[in-house]
$ cat target.tsv   # TSV, C-alpha atoms and all ligand atoms
chain	number	residue	atom	x	y	z
A	21	MET	CA	0.00	0.00	0.00
A	22	SER	CA	1.56	3.31	-0.96
A	23	ALA	CA	0.83	6.17	1.44
A	24	LYS	CA	-0.50	9.52	0.26
A	25	PHE	CA	2.09	11.50	2.24
A	26	ARG	CA	5.86	11.09	2.54
A	27	SER	CA	7.69	12.14	5.70
A	28	VAL	CA	10.36	14.53	4.43
A	29	VAL	CA	13.30	15.68	6.56
A	30	ARG	CA	13.18	19.45	7.03
A	31	GLY	CA	16.04	19.85	9.49
A	32	VAL	CA	18.17	18.28	12.19
A	33	GLY	CA	19.72	19.74	15.32
A	34	ALA	CA	21.82	18.59	18.26
A	35	CYS	CA	23.00	19.53	21.72
A	36	LEU	CA	25.89	18.08	23.71
A	37	PRO	CA	26.72	18.82	27.34
A	38	GLU	CA	29.63	21.20	27.81
A	39	ARG	CA	31.82	18.87	29.81
A	40	VAL	CA	34.02	16.41	27.90
A	41	VAL	CA	35.43	13.40	29.75
A	42	SER	CA	38.43	11.76	28.10
A	43	ASN	CA	39.48	8.13	28.45
A	44	ALA	CA	42.53	9.36	30.37
A	45	GLU	CA	40.28	11.06	32.93
A	46	LEU	CA	38.39	7.77	33.46
A	47	ALA	CA	41.69	5.88	33.72
A	48	ALA	CA	42.66	8.18	36.59
A	49	ARG	CA	39.52	7.12	38.49
A	50	ILE	CA	39.04	3.41	37.66
A	51	ASP	CA	41.15	0.46	36.50
A	52	THR	CA	41.06	1.06	32.74
A	53	SER	CA	43.17	2.68	30.03
A	54	ASP	CA	42.78	4.83	26.93
A	55	GLU	CA	44.31	1.99	24.94
A	56	TRP	CA	41.79	-0.64	26.15
A	57	ILE	CA	38.76	1.59	25.56
A	58	ALA	CA	39.92	2.87	22.15
A	59	GLN	CA	40.94	-0.57	20.90
A	60	ARG	CA	37.75	-2.39	21.96
A	61	THR	CA	35.22	0.36	21.18
A	62	GLY	CA	36.76	3.25	19.21
A	63	ILE	CA	35.71	5.67	21.96
A	64	ARG	CA	38.17	8.47	22.86
A	65	GLN	CA	35.90	10.78	24.84
A	66	ARG	CA	32.25	11.39	25.77
A	67	HIS	CA	30.17	14.38	26.93
A	68	VAL	CA	28.74	14.21	30.44
A	69	ALA	CA	25.84	16.35	31.65
A	70	GLY	CA	26.58	18.79	34.46
A	71	GLU	CA	24.37	20.54	36.94
A	72	GLY	CA	21.28	21.96	35.24
A	73	GLU	CA	21.75	19.84	32.12
A	74	THR	CA	19.06	17.17	31.80
A	75	THR	CA	17.42	15.06	29.12
A	76	VAL	CA	14.74	17.76	28.78
A	77	THR	CA	17.11	20.75	28.58
A	78	LEU	CA	19.38	18.99	26.05
A	79	GLY	CA	16.38	17.75	24.05
A	80	THR	CA	14.80	21.21	24.01
A	81	ARG	CA	17.98	22.83	22.67
A	82	ALA	CA	18.40	20.13	19.99
A	83	ALA	CA	14.75	20.60	18.96
A	84	SER	CA	15.09	24.40	18.77
A	85	ARG	CA	18.12	24.03	16.52
A	86	ALA	CA	16.30	21.54	14.27
A	87	LEU	CA	13.34	23.95	14.01
A	88	ALA	CA	15.68	26.82	13.11
A	89	ARG	CA	17.32	24.69	10.40
A	90	ALA	CA	13.86	23.78	9.09
A	91	GLY	CA	12.82	27.45	9.08
A	92	LEU	CA	9.74	26.55	11.12
A	93	GLN	CA	8.08	28.01	14.19
A	94	PRO	CA	7.23	25.80	17.19
A	95	ALA	CA	3.54	26.52	16.53
A	96	GLU	CA	3.81	24.59	13.25
A	97	ILE	CA	4.63	21.29	15.02
A	98	ASP	CA	1.71	18.97	15.86
A	99	LEU	CA	3.56	15.79	16.89
A	100	ILE	CA	6.49	15.38	19.29
A	101	ILE	CA	8.05	11.98	19.95
A	102	VAL	CA	10.91	11.76	22.44
A	103	ALA	CA	12.92	8.55	22.44
A	104	THR	CA	14.61	8.22	25.82
A	105	SER	CA	15.43	5.73	28.56
A	106	THR	CA	16.53	8.51	30.91
A	107	PRO	CA	13.52	10.84	31.28
A	108	ASP	CA	13.71	13.76	33.71
A	109	HIS	CA	10.83	12.21	35.66
A	110	THR	CA	9.04	8.87	35.74
A	111	PHE	CA	6.14	10.97	34.51
A	112	PRO	CA	5.09	13.23	32.86
A	113	ALA	CA	6.73	12.28	29.60
A	114	SER	CA	9.84	14.26	28.69
A	115	ALA	CA	8.02	14.96	25.42
A	116	THR	CA	5.39	17.07	27.22
A	117	GLU	CA	8.12	18.84	29.20
A	118	ILE	CA	9.96	19.68	25.95
A	119	GLN	CA	6.64	20.66	24.34
A	120	ALA	CA	6.05	23.17	27.15
A	121	ALA	CA	9.64	24.47	27.02
A	122	LEU	CA	9.22	25.12	23.28
A	123	GLY	CA	5.94	26.94	23.93
A	124	ILE	CA	3.90	24.45	21.92
A	125	THR	CA	0.29	24.04	23.07
A	126	GLN	CA	-1.26	22.17	20.13
A	127	GLY	CA	-0.89	18.59	18.93
A	128	VAL	CA	0.34	15.51	20.77
A	129	ALA	CA	3.58	14.71	22.59
A	130	PHE	CA	4.69	11.38	24.03
A	131	ASP	CA	7.79	9.39	24.98
A	132	LEU	CA	8.86	6.19	23.32
A	133	GLN	CA	11.01	3.56	25.00
A	134	ALA	CA	13.14	1.31	22.83
A	135	VAL	CA	16.52	2.07	24.44
A	136	CYS	CA	19.25	2.55	21.81
A	137	SER	CA	16.81	1.78	18.97
A	138	GLY	CA	14.53	4.59	20.16
A	139	PHE	CA	15.34	7.07	17.39
A	140	VAL	CA	14.68	4.54	14.61
A	141	PHE	CA	11.44	3.53	16.38
A	142	GLY	CA	10.57	7.24	16.74
A	143	VAL	CA	11.16	8.06	13.06
A	144	THR	CA	9.11	5.02	12.06
A	145	THR	CA	6.25	5.95	14.41
A	146	ALA	CA	6.22	9.57	13.24
A	147	ASP	CA	6.25	8.38	9.63
A	148	LYS	CA	3.08	6.31	10.24
A	149	PHE	CA	1.32	9.37	11.73
A	150	LEU	CA	2.40	11.66	8.88
A	151	ALA	CA	1.75	9.12	6.11
A	152	SER	CA	-1.82	8.66	7.36
A	153	GLY	CA	-2.52	12.38	7.04
A	154	SER	CA	-3.49	12.71	10.73
A	155	HIS	CA	-0.52	15.00	11.53
A	156	LYS	CA	1.49	17.47	9.49
A	157	ARG	CA	4.86	18.17	11.13
A	158	ALA	CA	6.74	16.06	13.65
A	159	LEU	CA	9.70	16.60	15.93
A	160	VAL	CA	11.48	13.31	16.61
A	161	ILE	CA	13.97	13.72	19.43
A	162	GLY	CA	16.51	11.29	20.87
A	163	ALA	CA	17.70	12.62	24.23
A	164	GLU	CA	19.66	10.86	26.96
A	165	THR	CA	21.63	11.35	30.15
A	166	PHE	CA	22.98	7.81	30.57
A	167	SER	CA	25.69	9.17	32.89
A	168	ARG	CA	22.96	9.24	35.55
A	169	ILE	CA	22.16	5.51	35.31
A	170	LEU	CA	25.75	4.28	35.10
A	171	ASP	CA	27.54	2.46	37.87
A	172	TRP	CA	30.73	4.55	37.80
A	173	GLN	CA	32.62	1.76	39.61
A	174	ASP	CA	31.78	-0.79	36.87
A	175	ARG	CA	34.53	-0.43	34.26
A	176	THR	CA	32.76	-2.86	31.90
A	177	THR	CA	29.92	-0.37	31.32
A	178	CYS	CA	30.78	3.15	32.52
A	179	VAL	CA	33.45	3.75	29.86
A	180	LEU	CA	31.00	3.10	27.01
A	181	PHE	CA	28.27	5.72	27.36
A	182	GLY	CA	27.79	9.48	27.05
A	183	ASP	CA	25.06	12.14	27.17
A	184	GLY	CA	23.48	14.26	24.44
A	185	ALA	CA	20.43	14.94	22.32
A	186	GLY	CA	19.53	15.17	18.65
A	187	ALA	CA	16.33	16.09	16.85
A	188	MET	CA	14.78	15.83	13.40
A	189	VAL	CA	11.84	17.71	11.90
A	190	LEU	CA	9.72	15.64	9.53
A	191	GLU	CA	6.96	17.12	7.36
A	192	ALA	CA	4.15	15.33	5.52
A	193	VAL	CA	4.55	16.07	1.81
A	194	GLU	CA	2.37	14.82	-1.04
A	195	GLY	CA	4.31	13.20	-3.89
A	196	GLY	CA	7.99	13.49	-4.75
A	197	ASP	CA	10.74	10.99	-4.04
A	198	LYS	CA	12.12	12.44	-0.80
A	199	GLY	CA	11.47	11.31	2.74
A	200	VAL	CA	11.24	8.04	4.66
A	201	ILE	CA	11.13	5.31	2.00
A	202	THR	CA	10.83	2.28	4.24
A	203	SER	CA	11.63	1.07	7.75
A	204	LYS	CA	11.75	-2.23	9.62
A	205	LEU	CA	11.45	-2.66	13.40
A	206	ARG	CA	11.97	-5.77	15.52
A	207	SER	CA	11.86	-6.72	19.22
A	208	ASP	CA	12.63	-9.95	21.05
A	209	GLY	CA	12.15	-9.82	24.82
A	210	ARG	CA	13.85	-13.17	25.38
A	211	HIS	CA	17.08	-11.14	25.43
A	212	ARG	CA	15.88	-8.66	28.07
A	213	ALA	CA	18.39	-9.76	30.75
A	214	LYS	CA	21.45	-9.13	28.54
A	215	LEU	CA	21.09	-5.35	28.72
A	216	TYR	CA	18.86	-3.76	31.34
A	217	VAL	CA	18.61	-1.34	34.26
A	218	ASP	CA	18.35	-3.00	37.68
A	219	GLY	CA	15.76	-0.61	39.07
A	220	GLY	CA	12.38	0.90	38.32
A	221	PRO	CA	9.25	2.42	39.88
A	222	SER	CA	7.28	-0.82	40.12
A	223	THR	CA	10.10	-3.05	41.35
A	224	THR	CA	12.74	-1.32	43.46
A	225	GLN	CA	11.27	2.20	43.55
A	226	THR	CA	14.74	3.38	42.53
A	227	VAL	CA	16.17	4.46	39.21
A	228	GLY	CA	18.76	1.66	39.12
A	229	HIS	CA	21.98	1.16	37.17
A	230	LEU	CA	22.70	-0.11	33.68
A	231	ARG	CA	23.85	-3.74	33.52
A	232	MET	CA	25.13	-5.44	30.40
A	233	GLU	CA	26.58	-8.71	29.19
A	234	GLY	CA	28.76	-6.94	26.61
A	235	LYS	CA	29.94	-10.08	24.81
A	236	GLU	CA	26.36	-11.35	24.40
A	237	VAL	CA	25.19	-8.00	23.01
A	238	PHE	CA	28.12	-7.94	20.62
A	239	LYS	CA	27.37	-11.49	19.45
A	240	HIS	CA	23.82	-10.61	18.36
A	241	ALA	CA	24.30	-7.04	17.16
A	242	VAL	CA	25.77	-7.48	13.68
A	243	GLY	CA	23.34	-10.22	12.58
A	244	MET	CA	20.29	-8.36	13.86
A	245	VAL	CA	21.04	-4.99	12.29
A	246	THR	CA	22.16	-6.42	8.96
A	247	ASP	CA	18.91	-8.44	8.75
A	248	VAL	CA	16.67	-5.36	9.05
A	249	ILE	CA	18.87	-3.35	6.69
A	250	LYS	CA	18.66	-6.10	4.06
A	251	ALA	CA	14.88	-6.14	4.51
A	252	CYS	CA	14.83	-2.37	3.85
A	253	PHE	CA	17.00	-2.83	0.73
A	254	GLU	CA	14.62	-5.49	-0.56
A	255	ASP	CA	11.53	-3.41	0.18
A	256	ALA	CA	12.95	-0.34	-1.56
A	257	GLY	CA	14.58	-2.22	-4.45
A	258	VAL	CA	18.01	-0.76	-3.70
A	259	SER	CA	21.40	-2.26	-2.88
A	260	ALA	CA	24.31	-1.32	-0.62
A	261	GLN	CA	25.98	0.47	-3.54
A	262	ASP	CA	23.03	2.88	-3.80
A	263	ILE	CA	23.50	4.16	-0.24
A	264	ASP	CA	25.17	7.57	0.02
A	265	TRP	CA	25.51	7.60	3.83
A	266	PHE	CA	25.28	4.87	6.44
A	267	VAL	CA	24.49	6.42	9.84
A	268	PRO	CA	24.45	3.60	12.38
A	269	HIS	CA	23.80	3.72	16.11
A	270	GLN	CA	27.15	4.60	17.65
A	271	ALA	CA	27.77	1.88	20.24
A	272	ASN	CA	31.05	0.37	19.19
A	273	ARG	CA	33.34	0.95	16.20
A	274	ARG	CA	33.88	-2.78	15.75
A	275	ILE	CA	30.12	-3.47	15.47
A	276	ILE	CA	29.77	-0.61	12.97
A	277	ASP	CA	32.69	-1.76	10.80
A	278	ALA	CA	31.59	-5.41	10.86
A	279	SER	CA	28.02	-4.43	9.87
A	280	ALA	CA	29.18	-2.18	7.00
A	281	ASP	CA	31.59	-4.86	5.74
A	282	LYS	CA	28.94	-7.60	5.89
A	283	LEU	CA	26.55	-5.44	3.86
A	284	GLY	CA	29.21	-4.28	1.39
A	285	ILE	CA	28.86	-0.60	2.34
A	286	ALA	CA	32.13	1.24	1.67
A	287	ARG	CA	33.86	2.47	4.84
A	288	ASP	CA	34.03	6.06	3.48
A	289	LYS	CA	30.22	6.20	3.43
A	290	VAL	CA	29.96	5.42	7.15
A	291	VAL	CA	29.39	8.32	9.55
A	292	ILE	CA	31.34	7.76	12.77
A	293	THR	CA	30.93	9.82	15.94
A	294	VAL	CA	31.43	7.13	18.59
A	295	ASP	CA	35.03	8.35	19.03
A	296	ARG	CA	33.80	11.77	20.24
A	297	HIS	CA	30.36	11.02	21.72
A	298	GLY	CA	30.58	7.46	23.06
A	299	ASN	CA	27.27	5.58	23.06
A	300	THR	CA	24.49	8.12	23.65
A	301	SER	CA	21.73	5.52	23.15
A	302	ALA	CA	18.64	7.03	21.44
A	303	ALA	CA	20.53	10.28	20.81
A	304	SER	CA	23.42	8.77	18.86
A	305	ILE	CA	21.85	8.69	15.37
A	306	PRO	CA	20.42	12.24	15.34
A	307	LEU	CA	23.71	13.50	16.83
A	308	ALA	CA	25.60	11.77	14.00
A	309	LEU	CA	23.13	13.06	11.39
A	310	ASP	CA	23.67	16.58	12.72
A	311	VAL	CA	27.46	16.22	12.36
A	312	ALA	CA	27.22	14.90	8.78
A	313	VAL	CA	24.67	17.55	7.71
A	314	SER	CA	26.67	20.36	9.35
A	315	ASP	CA	29.96	19.36	7.71
A	316	GLY	CA	28.28	19.10	4.30
A	317	ARG	CA	28.46	15.34	3.82
A	318	ILE	CA	24.69	14.67	3.80
A	319	LYS	CA	23.06	16.74	1.03
A	320	PRO	CA	19.53	16.98	-0.38
A	321	GLY	CA	18.78	13.95	-2.54
A	322	ASP	CA	21.20	11.64	-0.72
A	323	LEU	CA	20.06	8.15	0.26
A	324	VAL	CA	20.68	7.65	3.99
A	325	MET	CA	20.37	4.42	5.96
A	326	ILE	CA	19.96	4.63	9.75
A	327	GLU	CA	20.00	1.58	12.02
A	328	ALA	CA	20.22	0.65	15.68
A	329	MET	CA	20.08	-2.21	18.13
A	330	GLY	CA	19.58	-1.98	21.87
A	331	GLY	CA	18.11	-3.23	25.11
A	332	GLY	CA	15.05	-5.48	24.90
A	333	PHE	CA	16.46	-6.50	22.47
A	334	THR	CA	15.02	-4.02	20.02
A	335	TRP	CA	16.44	-3.28	16.60
A	336	GLY	CA	15.49	-1.53	13.40
A	337	ALA	CA	16.51	0.36	10.29
A	338	ALA	CA	15.06	3.14	8.17
A	339	LEU	CA	15.93	4.28	4.65
A	340	ILE	CA	15.53	8.02	4.01
A	341	ARG	CA	15.92	10.07	0.82
A	342	TRP	CA	17.23	13.39	2.20
A	401	LIG	N1	39.15	-1.43	30.96
A	401	LIG	C1	40.05	-2.43	31.04
A	401	LIG	N2	39.72	-3.73	31.04
A	401	LIG	C2	38.41	-4.02	30.95
A	401	LIG	C3	37.43	-3.03	30.88
A	401	LIG	C4	37.83	-1.69	30.89
A	401	LIG	N3	36.98	-0.66	30.82
A	401	LIG	N4	36.21	-3.63	30.81
A	401	LIG	C5	36.44	-4.95	30.84
A	401	LIG	N5	37.77	-5.19	30.93
A	401	LIG	C6	38.45	-6.49	30.98
A	401	LIG	C7	37.56	-7.58	31.44
A	401	LIG	O1	37.48	-7.62	32.86
A	401	LIG	C8	38.24	-8.79	30.85
A	401	LIG	O2	39.32	-9.13	31.70
A	401	LIG	P1	39.69	-10.68	31.95
A	401	LIG	O3	40.03	-11.22	30.61
A	401	LIG	O4	40.82	-10.57	32.89
A	401	LIG	O5	38.44	-11.28	32.52
A	401	LIG	C9	38.82	-8.27	29.56
A	401	LIG	O6	38.84	-6.85	29.67
A	401	LIG	C10	38.00	-8.64	28.34
A	401	LIG	O7	36.63	-8.35	28.62
A	401	LIG	P2	35.51	-8.70	27.61
A	401	LIG	O8	34.19	-8.33	28.19
A	401	LIG	O9	35.71	-10.07	27.10
A	401	LIG	O10	35.87	-7.68	26.45
A	401	LIG	P3	35.28	-7.59	25.01
A	401	LIG	O11	36.33	-7.74	24.01
A	401	LIG	O12	34.03	-8.39	24.84
A	401	LIG	O13	34.86	-6.04	24.97
A	401	LIG	C11	32.90	-4.67	25.16
A	401	LIG	C12	33.89	-5.56	25.88
A	401	LIG	C13	33.66	-3.48	24.60
A	401	LIG	C14	31.84	-4.22	26.12
A	401	LIG	C15	32.29	-5.46	23.99
A	401	LIG	O14	31.82	-6.70	24.42
A	401	LIG	C16	31.18	-4.72	23.35
A	401	LIG	O15	31.37	-3.69	22.74
A	401	LIG	N6	29.94	-5.26	23.43
A	401	LIG	C17	28.80	-4.61	22.86
A	401	LIG	C18	28.32	-3.63	23.82
A	401	LIG	C19	27.44	-2.66	23.17
A	401	LIG	O16	27.65	-2.24	22.06
A	401	LIG	N7	26.44	-2.27	23.91
A	401	LIG	C20	25.56	-1.31	23.53
A	401	LIG	C21	24.62	-1.79	22.46
A	401	LIG	S1	23.02	-1.56	22.86
A	401	LIG	C22	22.96	-0.08	23.46
A	401	LIG	O17	23.52	0.78	22.84
A	401	LIG	C23	22.32	0.19	24.78
$ encode --input "target.tsv" --output "structure tokens"
Amino acid sequence: MSAKFRSVVRGVGACLPERVVSNAELAARIDTSDEWIAQRTGIRQRHVAGEGETTVTLGTRAASRALARAGLQPAEIDLIIVATSTPDHTFPASATEIQAALGITQGVAFDLQAVCSGFVFGVTTADKFLASGSHKRALVIGAETFSRILDWQDRTTCVLFGDGAGAMVLEAVEGGDKGVITSKLRSDGRHRAKLYVDGGPSTTQTVGHLRMEGKEVFKHAVGMVTDVIKACFEDAGVSAQDIDWFVPHQANRRIIDASADKLGIARDKVVITVDRHGNTSAASIPLALDVAVSDGRIKPGDLVMIEAMGGGFTWGAALIRW
């Protein structure tokens, strides 16, 4: 079934906390080294939120920048989806807090929880709303402060993550070849214990800390993301050679390289930010998109593949004509 409206990207924006924490700084606090972290993950540094910086403040700034790039006023947005696992409060949704901060009083705003896959799930959800004609312009935001759910004594997890936010404005447009072409989402809760947070309102009444069986996650990641990407290729009738930019979730350089190689996507088409941002979960893809748009790599008409895999497990991919 072909939809009447396509969800066309009007702008992206990003916001990173001011403070940068290098691998060397972590090595001064826990038993790790720049060499170990860089070799295993590609990470050199990450941004960490300071006092007054939260998922909502970072998300609001990223959204404002995306709106400015799109040349739109907040009043023109009628759908806000915030992908986050680190909301400011258990409720209300960070989406309604960002909605209020932007001065938006119309439309609908809600959070979406798919951990690191959240941005791909958010783009896909917004696309369904826009394609149906029920909504006109969406803000999809990935915003996280994982530093606040890390166990800073656990060297197997705390070196991997960072904070930040990214946003994308999508607009429903009739006809043309731009916009979200196809997307594929998957979840399999049998893997829930491999990557989780050991707290929550209904269990411990605490926020909890991130726990991960890194090797297990690694083992599944490449197969899962390449499966959904291949399904997108098939759906859209395109091949790896047609892709202009591959913008994967930035968890680990080795996972990214192995996925690109398995698909036959040339390394020079892969956007990498994990070295500077670490893993910012749902924020990592829009942060990377913002970097590649700002430095002139992603241009109108380019074919862009985004993909992610995360806790749940959840995973997904979306193909976008910029
Ligand atoms: N510094 C130094 N040594 C460390 C550190 C550290 N920060 N962390 C672990 N080690 C040690 C371990 O204790 C172990 O020591 P041992 O051999 O004496 O027992 C050794 O290094 C090897 O540990 P492994 O866990 O086997 O290391 P591995 O090569 O698997 O790398 C890593 C670990 C980087 C976590 C890897 O498994 C990985 O990237 N997994 C995927 C994780 C991921 O991407 N998660 C996010 C995806 S989903 C989402 O984004 C939420």
$ closest_atom_pairs --input "target.tsv" --of "chain A" --to "ligand LIG 401 (chain A)" --cutoff "7 Å" --atoms "all atoms listed in the file" --output "Markdown table"
| residue | atom | partner | partner_atom | distance |
| --- | --- | --- | --- | --- |
| A:Asp51 | CA | A:LIG401 | N1 | 6.2 |
| A:Thr52 | CA | A:LIG401 | N1 | 3.6 |
| A:Ser53 | CA | A:LIG401 | N1 | 5.8 |
| A:Trp56 | CA | A:LIG401 | C1 | 5.5 |
| A:Ile57 | CA | A:LIG401 | N3 | 6.0 |
| A:Arg60 | CA | A:LIG401 | C13 | 5.0 |
| A:Thr61 | CA | A:LIG401 | C13 | 5.4 |
| A:Val135 | CA | A:LIG401 | C23 | 6.1 |
| A:Cys136 | CA | A:LIG401 | O17 | 4.7 |
| A:Arg175 | CA | A:LIG401 | N3 | 4.2 |
| A:Thr176 | CA | A:LIG401 | N4 | 3.7 |
| A:Thr177 | CA | A:LIG401 | C14 | 6.7 |
| A:Val179 | CA | A:LIG401 | N3 | 5.7 |
| A:Leu215 | CA | A:LIG401 | C23 | 6.9 |
| A:Gly234 | CA | A:LIG401 | O14 | 3.8 |
| A:Lys235 | CA | A:LIG401 | O14 | 3.9 |
| A:Val237 | CA | A:LIG401 | C17 | 5.0 |
| A:Phe238 | CA | A:LIG401 | C17 | 4.1 |
| A:Ala271 | CA | A:LIG401 | O16 | 4.5 |
| A:Asn272 | CA | A:LIG401 | O16 | 5.2 |
| A:Asn299 | CA | A:LIG401 | O17 | 6.1 |
| A:Ser301 | CA | A:LIG401 | O17 | 5.1 |
| A:Met329 | CA | A:LIG401 | S1 | 5.6 |
| A:Gly330 | CA | A:LIG401 | S1 | 3.6 |
| A:Gly331 | CA | A:LIG401 | C23 | 5.4 |
$ atom_distance --input "target.tsv" --atom1 "atom CA of Gly62 of chain A" --atom2 "atom CA of Arg274 of chain A"
7.5 Å
$ closest_residue --input "target.tsv" --among "A:Ala95, A:Ala337, A:Ala192, A:Leu132" --to "Ala120 of chain A" --atoms "only C-alpha atoms"
A:Ala95
$ closest_residue --input "target.tsv" --among "A:Ala187, A:Ile101, A:Val242, A:Ile169" --to "Asp277 of chain A" --atoms "only C-alpha atoms"
A:Val242
$ closest_residue --input "target.tsv" --among "A:Glu233, A:Asp98, A:Glu164, A:Asp108" --to "Gly186 of chain A" --atoms "only C-alpha atoms"
A:Glu164
$ closest_residue --input "target.tsv" --among "A:Arg85, A:Trp172, A:Ile285, A:Ser304" --to "Leu46 of chain A" --atoms "only C-alpha atoms"
A:Trp172
$ closest_residue --input "target.tsv" --among "A:Val102, A:Ala328, A:Ala308, A:Ala185" --to "Ser207 of chain A" --atoms "all atoms listed in the file"
A:Ala328
$ closest_residue --input "target.tsv" --among "A:Ser154, A:Ser279, A:Ser259, A:Gln270" --to "Glu191 of chain A" --atoms "only C-alpha atoms"
A:Ser154
$ atom_distance --input "target.tsv" --atom1 "atom CA of Val41 of chain A" --atom2 "atom CA of Ala58 of chain A"
13.7 Å
